[in-house]
Each structure stands twice: as structure tokens, then as C-alpha cells.
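As C-alpha cells, the structure follows; a few thoughts come after it.
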Amino acid sequence: MVLAAKKDSGTSRTDLPQGPVFQNKKLKAFKENAPFLIMIFPAVLVVFLFNYLPIYGVLIAFQDFMPGDKILSDTTIWVGFDNFKRFFSDPQFWPLMKNTFLICIYGFIIGFPLPILVSLMLNSLKGKKTAKFLQTIFTAPHFISLVVLVGMLTLFFGRYGLVNNLVASGGGERYSYFLETGAFRPLYILSSNWQDFGWSAVIYIAALSNVDPQQHEAAILDGATRFQRVIHVDLPAIMPMISVMLIMSIGGLMGVGYEKALLMQTDGNLAVSELVSTYVYKRGLTGVPDQAYATAIGLFNSIINVVLLIIANTTSKKFSENSLW
Amino acid sequence: MKKRKNALRDTLGDKIFYIINGFFLLLLALIILYPLYFIIIASISDPDAVLGGEVVLYPVRVTLEGFQKIMERSDVWRGYLNTIIYTALTVVLALAVTVPAGWALSRKTLPGKKLFMIYFIIPMFFGGGLIPFYNVMSSLGLINTMWAVILPAILSVWNLFMTKTFFESSIPNGLIEAAKIDGAGQFRIFTSVVIPLSKAVIAVMALYYAVGQWNSYFNAMIFLQDESKYPLQLVLKEILIASESTVGGSGETILQQFRMANLLKYVSVIVSSLPVLCLYPFVQKYFAQGVMIGSLKE
């Protein structure tokens with residue numbers, strides 16, 4: 001407290017008129033607001049431990065690091081960008097990039113417009129109660145865990161799942177979707193959309209509920225059909241939200257996580273299901289771990305994401321008024 | 001007035017629009033509901049009927065064999081208990097961290113507010129990645145303890161900002177000023193004025209954190225070694241997914257082996273999702289509310 005108060009008087013010296021009375025006032029204001037610092041402290045600590053310490057830990061990407069080594073010590077061996085160069089010449093490099101990009105871009109092409117479409121459709125329903133009810137149904141799968149979701153996928157598309165059971169009872173051959181490279185991406189993307197389109201639609205629905213009804217009435221008087229009103233009243237109303245979501249999606253174009261892909265991986269589909277994130281997990285935490293290498297790959301990937309986000313945001317700023325910052 | 005009434009009546013084109021719109025929404029609802037419905041009817045049907053493709057629209061030869069079998073699985077129930085403990089602790093700690101911090105961040109008079117904002121925004125877009133995170137947990141001595149699952153989950157920066165936005169838009173300033181004039185300090189104001197007015201956001205946050213912890217498996221997978229500490233999702237992973245890659249070969253023995261395993265899968269999906277899906281209709285308005293609180297700022 002005393003230390004903080006000292007700091008405070010230090011800042012007042014530079015930019016504000018001095019004087020004992022004024023300093024007392026500032027001190028009083030600080031004393032009054034100091035409890036906020038105590039309230040925010042636990043959150044600061046948690047973020048420091050679990051977000052900032054790992055950021056400091058990426059230094060090992062530039063080292064010859066063995067598990068158990070200190071991140072900075074006299075014996076630290078710095079290797080510059082060697083781990084990155086190794087990744088670029090890894091035979092897995094291009095397949096990983098391609099797999100990661102394709103699953104993201106296909107996911108984006110289907111997953112981005114779908115919630116917008118659904119929110120517009122729900123908003124156009126005449127019965128508001130029906131719309132609420134449908135929305136409840138649509139958002140429900142969001143709360144199913146990934147383990148259960150992938151488990152359900154195997155129950156429907158596994159060798160002994162519903163689809164195969166029907167095929168087999170009709171005299172056909174069982175087909176192992178999970179062991180085929182061709183089925184991984186469709187299963188991954190369609191199940192993700194099944195789970196989350198309703199949830200993603202909620203923020204558009206919220207934005208649509210703020211549309212002034214008078215706008216609709218005016219359009220009706222002008223003879224607009226319901227469909228025209230969707231295009232010319234509803235859609236423009238959610239355009240700013242769409243831009244923001246678009247920027248965020250572009251920032252995530254290489255950012256697919258490992259949680260779901262790991263659950264869906266089999267020896268059979270590894271050629272398409274190995275993503276940058278799952279590769280990082282495997283190289284860094286399983287088998288004979290090569291932590292420095294895995295960290296370098298992860299860092300490379302998150303830098304790509306940050307760069308994509310910045311490009312998307314700058315572009316959006318240039319051509320419209322919408323941006324994240 | 002008459003003209004207005006005419007204008008409000010649907011034209012033929014509008015009627016077609018409503019019908020097509022309704023049709024597709026109904027179709028979507030079916031696509032969502034059928035898989036869930038199928039899991040339920042398959043879980044109470046004879047496994048042979050399921051494997052034979054007889055179970056499509058209604059249960060065939062109803063049996064509760066699967067539910068009896070899962071009652072005997074001690075690992076499932078231990079996982080259930082672990083998950084309940086982890087979830088309860090996560091929610092309590094998360095609220096204790098998130099709500100006061102959200103309130104502080106929402107105050108203009110918070111000393112160093114700008115710096116704190118930047119401090120919390122950076123992790124939204126950049127992180128150290130999996131391996132450094134693992135090493136931090138390891139050097140904190142959290143490996144193979146339940147705290148490895150709980151502590152990283154007690155603060156989501158998204159939730160923090162959602163809480164902040166709620167406080168900014170929903171707590172009348174006059175009330176705070178009045179309490180100040182009455183001589184209440186900041187802590188007193190927070191506990192006696194702010195908290196009672198914030199039940200909605202506290203409920204939303206509790207639900208977000210609870211569902212997040214209930215459904216997570218990855219941190220438990222990499223940090224926990226003793227099976228006795230496994231949460232439900234990790235046990236489920238063994239039941240639901242681990243066996244898929246061993247599928248191979250042919251013949252009756254494998255079919256027989258999978259008869260029970262398959263039934264157990266349907267049942268375990270239901271048993272594990274039941275608490276969340278039962279609660280869901282009652283709390284979904286709060287969930288949606290939460291998203292709206294968050295989107296206000298955008």
C-alpha cells in the first residue's frame with residue numbers, strides 16, 4: 001500500500017501541478033480505489049501462471065533443451081532458429097500444413113455462413129415461441145462433450161455403427177469410415193457443425209432482436225416481401241457482427257486444436273488427420289519427447305495465426321468501419 | 001388504416017417463403033434430434049437388433065441389460081464422483097476469481113486500468129502453446145494432482161470480459177454513489193450492493209465454468225497418471241473410442257465381443273450426458289443471455 005502510494009505521487013509529479021493539497025487528494029482517491037487492486041489480483045495471478053509463464057517458456061524453442069533443464073541458466077545451449085529449420089525440412093511439414101489448412105478452410109466455408117443463415121431463418125419465423133423452442137433444440141448439442149460427440153460418431157459411422165448396420169442388413173459390405181482417409185474431413189467438419197451451428201447463431205439472433213420493428217413496418221409499406229426484408233433490413237443489421245466474426249475466423253484459419261482430432265485419429269486416417277497441433281502434442285509429450293522441437297512448431301503456428309489476424313483486421317479497417325481494434 | 005392492414009396481409013410469395021423457411025428449420029431440428037433419439041432407443045434395445053440394423057425408429061426387444069452392466073462399472077462411478085468434485089471446486093474458485101476481477105475491471109477508477117486490459121487481452125490472441133504450458137504445470141508440481149485439472153480452468157479471459165461488460169451495463173451508478181455517501185468502502189459496496197444485483201451473470205458464469213470442466217478431458221489426459229483420479233470423460237474415452245482402432249479381423253467372436261461393448265457405449269453416452277442435458281432446458285435462457293452480454297461490447 002505504502003509502496004503503491006509512493007508510485008502514485010511519482011506520476012503526479014510529472015504531469016500535474018504539484019502541491020501538498022493536491023497530492024493528498026490524489027492519495028485519498030488512490031486509497032479509495034486500492035481495494036480494486038486486491039479484487040483483481042487473483043485473476044492477474046492465474047493469468048500470469050497459466051498464460052504468461054508459458055509464453056516465457058517458448059524460449060526453449062531456440063534452445064537445445066532437455067526436459068528438466070532450466071529455461072535460463074549458465075549451461076543453456078542456444079541454437080537460434082535450428083528447430084524451425086528442422087521443421088521446414090521435416091517430411092511432415094507440407095502434409096501438416098495442408099491438413100491443417102484444409103480442415104480449417106472447409107470448416108470455415110460451411111461453418112461460417114450456416115449460423116448466419118439459421119439466425120435469419122429463425123428470425124423470420126412468425127411464431128416467436130416456436131423460434132425460441134427451435135433455438136433451444138439447436139443449441140443443445142453444444143453442451144455435449146467432445147468425447148461423447150466422437151463416441152457418437154463411432155456409433156453412427158463406426159464399423160458397427162448405425163450406417164454400417166443398415167448396410168449390412170441390406171446385404172452390403174461394412175465400411176470403416178474411421179479407417180479411411182476420405183471420410184475424416186467430412187466427419188470432422190459435419191459433426192462440428194452439427195454441434196455448434198445453433199450456438200454460433202445465438203449472437204446473430206441477439207443482434208437481430210435489436211432491429212427496430214419500425215424499419216420492418218416501413219419496408220412493408222413500401223411493398224417489400226418478407227424475403228426482401230431479410231436481405232435489406234435483417235442482413236444489414238447483423239453486418240457489423242458478421243465482419244467481427246469473419247476477422248476472428250480468419251485469425252483462426254490455422255488454429256484448429258488437437259482435442260477433437262486426437263480423438264478421431266486412427267492408424268488408417270493419420271495421413272489426413274495429423275494436424276500441426278496434434279503433431280506438437282505427439283512430438284512434445286509422447287514417445288521420446290523432443291520438447292524444443294515441438295515448442296518451435298507450436299510457436300511457428302501461433303505466429304501464423306497472429307499474422308493472419310492482423311492482416312484480416314487491417315484489411316477490414318481499410319474497407320469498412322469494422323475492426324477488432 | 002385499411003391500407004396498412006392490407007399491407008400486413010401475406011402475399012402468395014410471402015406464404016411460400018414462410019413454408020420453405022419452416023420446412024428447412026424443421027429439417028434442421030430433425031437432424032439435431034434424431035441422433036440423440038437414436039442413442040436413447042439403441043441403449044434400451046437388444047444389442048443384436050441394433051447390430052442387425054433393426055433399430056431405426058423405435059426400440060426393439062427392450063432390455064435394461066446395458067444399464068445393469070454400467071452399474072457394475074466401478075470406474076464409471078469413480079469417474080463420475082471425480083468429475084463432480086473437480087467441477088464443484090472449479091466453479092467455486094472460478095467465481096471467486098472472475099467476479100471480483102470483472103467488477104474491478106469495469107470501474108473507471110481502477111488504478112492502471114489500461115494496463116490491466118492489455119494484460120488480459122494478450123492471452124486471447126497469443127499463447128505459449130502446449131509444451132511450455134505442460135512444463136509450467138510440471139515445475140509448479142501439479143502433475144498427477146487434481147489441481148492440474150482445476151487450476152488452469154478457474155479463469156477464462158472471455159468470461160472475465162463478459163462479466164466486466166455485464167457490470168458496466170447493468171449496475172446503476174447512482175446506487176454505488178449512494179452507498180459511498182453512506183460511508184461504505186469498496187469491499188462493502190461489492191458484497192452488499194453489487195453481488196445481490198448480479199445473480200444473472202453469476203449464474204451464467206457458474207454454468208459456463210461447470211459445463212467446461214464437466215466436458216473436458218485433455219488436461220486430465222496429459223496431467224493425471226493414476227486411474228483413480230480420472231474424471232468421467234477420460235473413463236468414457238476408454239469405453240467409447242479406444243476400442244475402435246482395434247476393430248479388425250472378422251467372424252462371430254468379434255461380433256460377440258462387441259455385442260456388450262457396443263451396448264455399453266450407448267448407455268454410457270446417456271449416463272454421462274444426462275445431468276447436462278436435463279439441466280439444459282432450464283438454464284438455456286441464461287446461457288443465451290451470457291452470449292448476449294458478451295456481444296454487447298462488440
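Every chain in the C-alpha cells takes a letter, A first, then B, and so on in the order presented; its residues are numbered from 1, and the ligands are numbered from 1 following the presented order.
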Region 205-296 of chain A: residues DSSP assigns to helix (DSSP H, G or I), reported as an MDAnalysis selection string: chainID A and resid 205:208 213:221 226:251 259:264 270:273 276:285 291:296
Distance query Ile31 (chain B) at most 10 Å, only C-alpha atoms, self and fewer than 6 positions along chain excluded, as a PyMOL selection string: (chain A and resi 138+194) or (chain B and resi 25)
Pick from A:Lys28, A:Lys70, A:Arg229, A:Lys260 nearest to Arg185 (chain A), counting only C-alpha atoms: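 Among the listed residues, the smallest separation from Arg185 (chain A) belongs to A:Lys260.
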Shell around Asp64 (chain A) at 12 Å using only C-alpha atoms, local window under 5 positions removed, as a list in words: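 Within the cut-off, the hits are Leu59, Asp69, Lys70, Ile71, Leu72, Thr75, Thr76, Ile77, Trp78, Val79, Gly80, Phe81, Asp82, Asn83, Asp290, Gln291, Ala292, Tyr293, Ala294, Thr295 and Ala296 of chain A.
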For chain B, the nearest of the candidates A:Glu173, A:Ile55, A:Arg86, A:Val167, counting only C-alpha atoms: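 Going through A:Glu173, A:Ile55, A:Arg86, A:Val167 one by one, the smallest distance to chain B is for A:Ile55.
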Residues of chain A within 6 Å of chain B, counting only C-alpha atoms, as a count of residues only: 19
Near-Ala88 (chain B) list (10 Å; only C-alpha atoms; drop same-chain fewer than 5 positions) as a list in words: Asn82, Thr83, Leu93, Ala94, Ile150, Ala206, Tyr209, Ala210, Gln213 and Trp214 of chain B
How would the residues just picked look written out with C-alpha atoms as an mmCIF file, in the first residue's frame?
data_model
loop_
_atom_site.group_PDB
_atom_site.id
_atom_site.type_symbol
_atom_site.label_atom_id
_atom_site.label_comp_id
_atom_site.auth_asym_id
_atom_site.auth_seq_id
_atom_site.Cartn_x
_atom_site.Cartn_y
_atom_site.Cartn_z
ATOM 1 C CA ASN B 82 -14.174 -37.230 -9.500
ATOM 2 C CA THR B 83 -15.863 -35.083 -12.118
ATOM 3 C CA LEU B 93 -12.768 -20.927 -7.327
ATOM 4 C CA ALA B 94 -13.670 -19.561 -10.755
ATOM 5 C CA ILE B 150 -8.835 -27.485 -11.726
ATOM 6 C CA ALA B 206 -21.171 -20.791 -12.865
ATOM 7 C CA TYR B 209 -17.342 -22.993 -15.934
ATOM 8 C CA ALA B 210 -19.287 -26.054 -14.817
ATOM 9 C CA GLN B 213 -14.998 -28.657 -16.603
ATOM 10 C CA TRP B 214 -17.625 -31.397 -16.870
#
Distance of CA of Ser119 (chain A) from CA of Ala131 (chain A), expressed in Å to one decimal place: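 Separation between CA of Ala131 (chain A) and CA of Ser119 (chain A): 9.8 Å.
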For CA of Asn305 (chain A) and CA of Val256 (chain A), the interatomic separation in Å (one decimal):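 For CA of Asn305 (chain A) relative to CA of Val256 (chain A), the distance reads 10.3 Å.
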Ser228 (chain B) surroundings by only C-alpha atoms, 9 Å radius, close-in-sequence under 5 positions cut, as a list in words: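 So, after excluding close chain neighbours, the residues are Asp75, Arg78, Gly79 and Asn82 of chain B.
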CA of Lys129 (chain A) to CA of Leu221 (chain A), straight-line distance in Å: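 Computing the Euclidean distance for CA of Leu221 (chain A) and CA of Lys129 (chain A) yields 25.9 Å.
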Closest of A:Val44, A:Lys126, A:Asn210, A:Ile144 to Ile118 (chain B) - atom-to-atom distances counting only C-alpha atoms: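 When distances to Ile118 (chain B) are compared using only C-alpha atoms, the smallest one comes from A:Val44.
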